[in-house]
Amino acid sequence: MPESSGSRERALHFLERRFGVAHSELAAFTFIERQDEIWACRTMPPGTLTSERPPGLRALRRHKDDLKPTSAFLMALGHRITTARTDLTARDLQQVLLGQRIPSPATLSDGYVAICYQGDVLGCGRVRSEQLQALIPTGRRRELHGVLAANAESESANL
């Protein structure tokens with residue numbers, strides 16, 4: 001399953017343009033396109049092993065006329081993301097995890113963003129018409145919401 005140079009170029013261009021991730025930061029990755037998805041991996045499995053899914057992480061999906069990053073890949077990129085990221089307060093994070101839209105920071109243009117909390121990338125979001133919405137998978141949202149709720153309870157008990 002050879003790497004597609006077109007897939008690599010599309011992925012590199014999108015990640016640099018939208019998220020400020022330098023090409024050099026992605027040099028170790030091989031990008032494989034399968035249907036409407038682009039996967040990122042560091043090494044290819046031996047030719048004797050076959051799988052329905054490519055190795056590595058699903059990095060991007062084709063979505064309408066653009067690419068959509070997966071939450072898992074944004075988390076893997078972490079601190080390498082220098083633009084289109086927003087660090088939310090606990091209150092704002094709780095709201096977006098519950099499916100609500102909140103006003104986006106003025107610095108963010110429409111498109112996909114990395115949702116962060118205390119500097120850590122938690123997943124993918126989208127800004128549209130100055131509103132921020134979380135696109136984090138439901139199970140991960142529940143998990144994060146539970147952690148925030150437990151931290152809030154612990155902090156109020158310590159007061």
# chains A, B, ... in the order shown; residues from 1 in each chain; ligands from 1

$ residues_around --residues "A:Val96" --least-positions-apart "2" --cutoff "10 Å" --atoms "only C-alpha atoms" --output "count of residues only"
19

$ residues_around --residues "A:Ala90" --least-positions-apart "5" --cutoff "12 Å" --atoms "only C-alpha atoms" --output "CSV table (one decimal) with N, CA and C atoms, in the first residue's frame"
chain,number,residue,atom,x,y,z
A,95,GLN,N,-19.6,23.6,28.3
A,95,GLN,CA,-20.7,24.0,27.4
A,95,GLN,C,-20.6,23.3,26.0
A,96,VAL,N,-19.4,23.4,25.5
A,96,VAL,CA,-19.2,22.7,24.1
A,96,VAL,C,-19.2,21.2,24.2
A,97,LEU,N,-18.8,20.7,25.3
A,97,LEU,CA,-18.8,19.2,25.5
A,97,LEU,C,-20.3,18.7,25.6
A,115,ILE,N,-9.4,22.4,19.9
A,115,ILE,CA,-10.0,22.8,21.2
A,115,ILE,C,-9.0,22.3,22.2
A,116,CYS,N,-8.6,23.3,23.1
A,116,CYS,CA,-7.6,23.0,24.1
A,116,CYS,C,-8.1,23.4,25.5
A,117,TYR,N,-7.5,22.8,26.5
A,117,TYR,CA,-7.8,23.1,27.9
A,117,TYR,C,-6.5,23.1,28.6
A,118,GLN,N,-6.1,24.2,29.3
A,118,GLN,CA,-4.9,24.3,30.0
A,118,GLN,C,-3.7,23.9,29.1
A,144,LEU,N,-14.5,13.5,29.0
A,144,LEU,CA,-13.9,14.8,29.4
A,144,LEU,C,-14.9,15.5,30.3
A,145,HIS,N,-16.2,15.5,30.0
A,145,HIS,CA,-17.2,16.2,30.9
A,145,HIS,C,-17.1,15.6,32.3
A,146,GLY,N,-17.0,14.3,32.4
A,146,GLY,CA,-17.0,13.6,33.7
A,146,GLY,C,-15.7,14.1,34.5
A,147,VAL,N,-14.6,14.2,33.8
A,147,VAL,CA,-13.4,14.6,34.5
A,147,VAL,C,-13.6,16.1,35.0
A,148,LEU,N,-14.1,16.9,34.1
A,148,LEU,CA,-14.3,18.3,34.5
A,148,LEU,C,-15.3,18.4,35.7
A,149,ALA,N,-16.3,17.6,35.7
A,149,ALA,CA,-17.3,17.6,36.8
A,149,ALA,C,-16.7,17.2,38.1
A,150,ALA,N,-15.9,16.1,38.0
A,150,ALA,CA,-15.2,15.6,39.2
A,150,ALA,C,-14.2,16.6,39.8
A,151,ASN,N,-13.5,17.3,38.9
A,151,ASN,CA,-12.5,18.3,39.3
A,151,ASN,C,-13.3,19.5,40.0
A,152,ALA,N,-14.4,19.9,39.4
A,152,ALA,CA,-15.2,21.0,40.0
A,152,ALA,C,-15.7,20.6,41.4

$ select_by_dssp --residues "chain A" --states "strand (DSSP E)" --output "JSON, numbers by chain"
{"A": [30, 31, 32, 33, 34, 37, 38, 39, 40, 41, 57, 58, 59, 60, 61, 62, 63, 66, 67, 68, 69, 85, 86, 87, 102, 103, 111, 112, 113, 114, 115, 116, 117, 120, 121, 122, 123, 124, 125, 126, 127, 128, 131, 132, 133, 134]}

$ select_by_dssp --residues "chain A" --states "helix (DSSP H, G or I)" --output "ChimeraX atom specification"
/A:5-19,23-26,71-80,90-97,138-157

$ atom_distance --atom1 "atom CA of A:Met75" --atom2 "atom CA of A:Leu122"
6.0 Å

$ closest_residue --among "A:Glu155, A:Arg58, A:Leu15, A:Ser24" --to "A:Ala114" --atoms "only C-alpha atoms"
A:Leu15
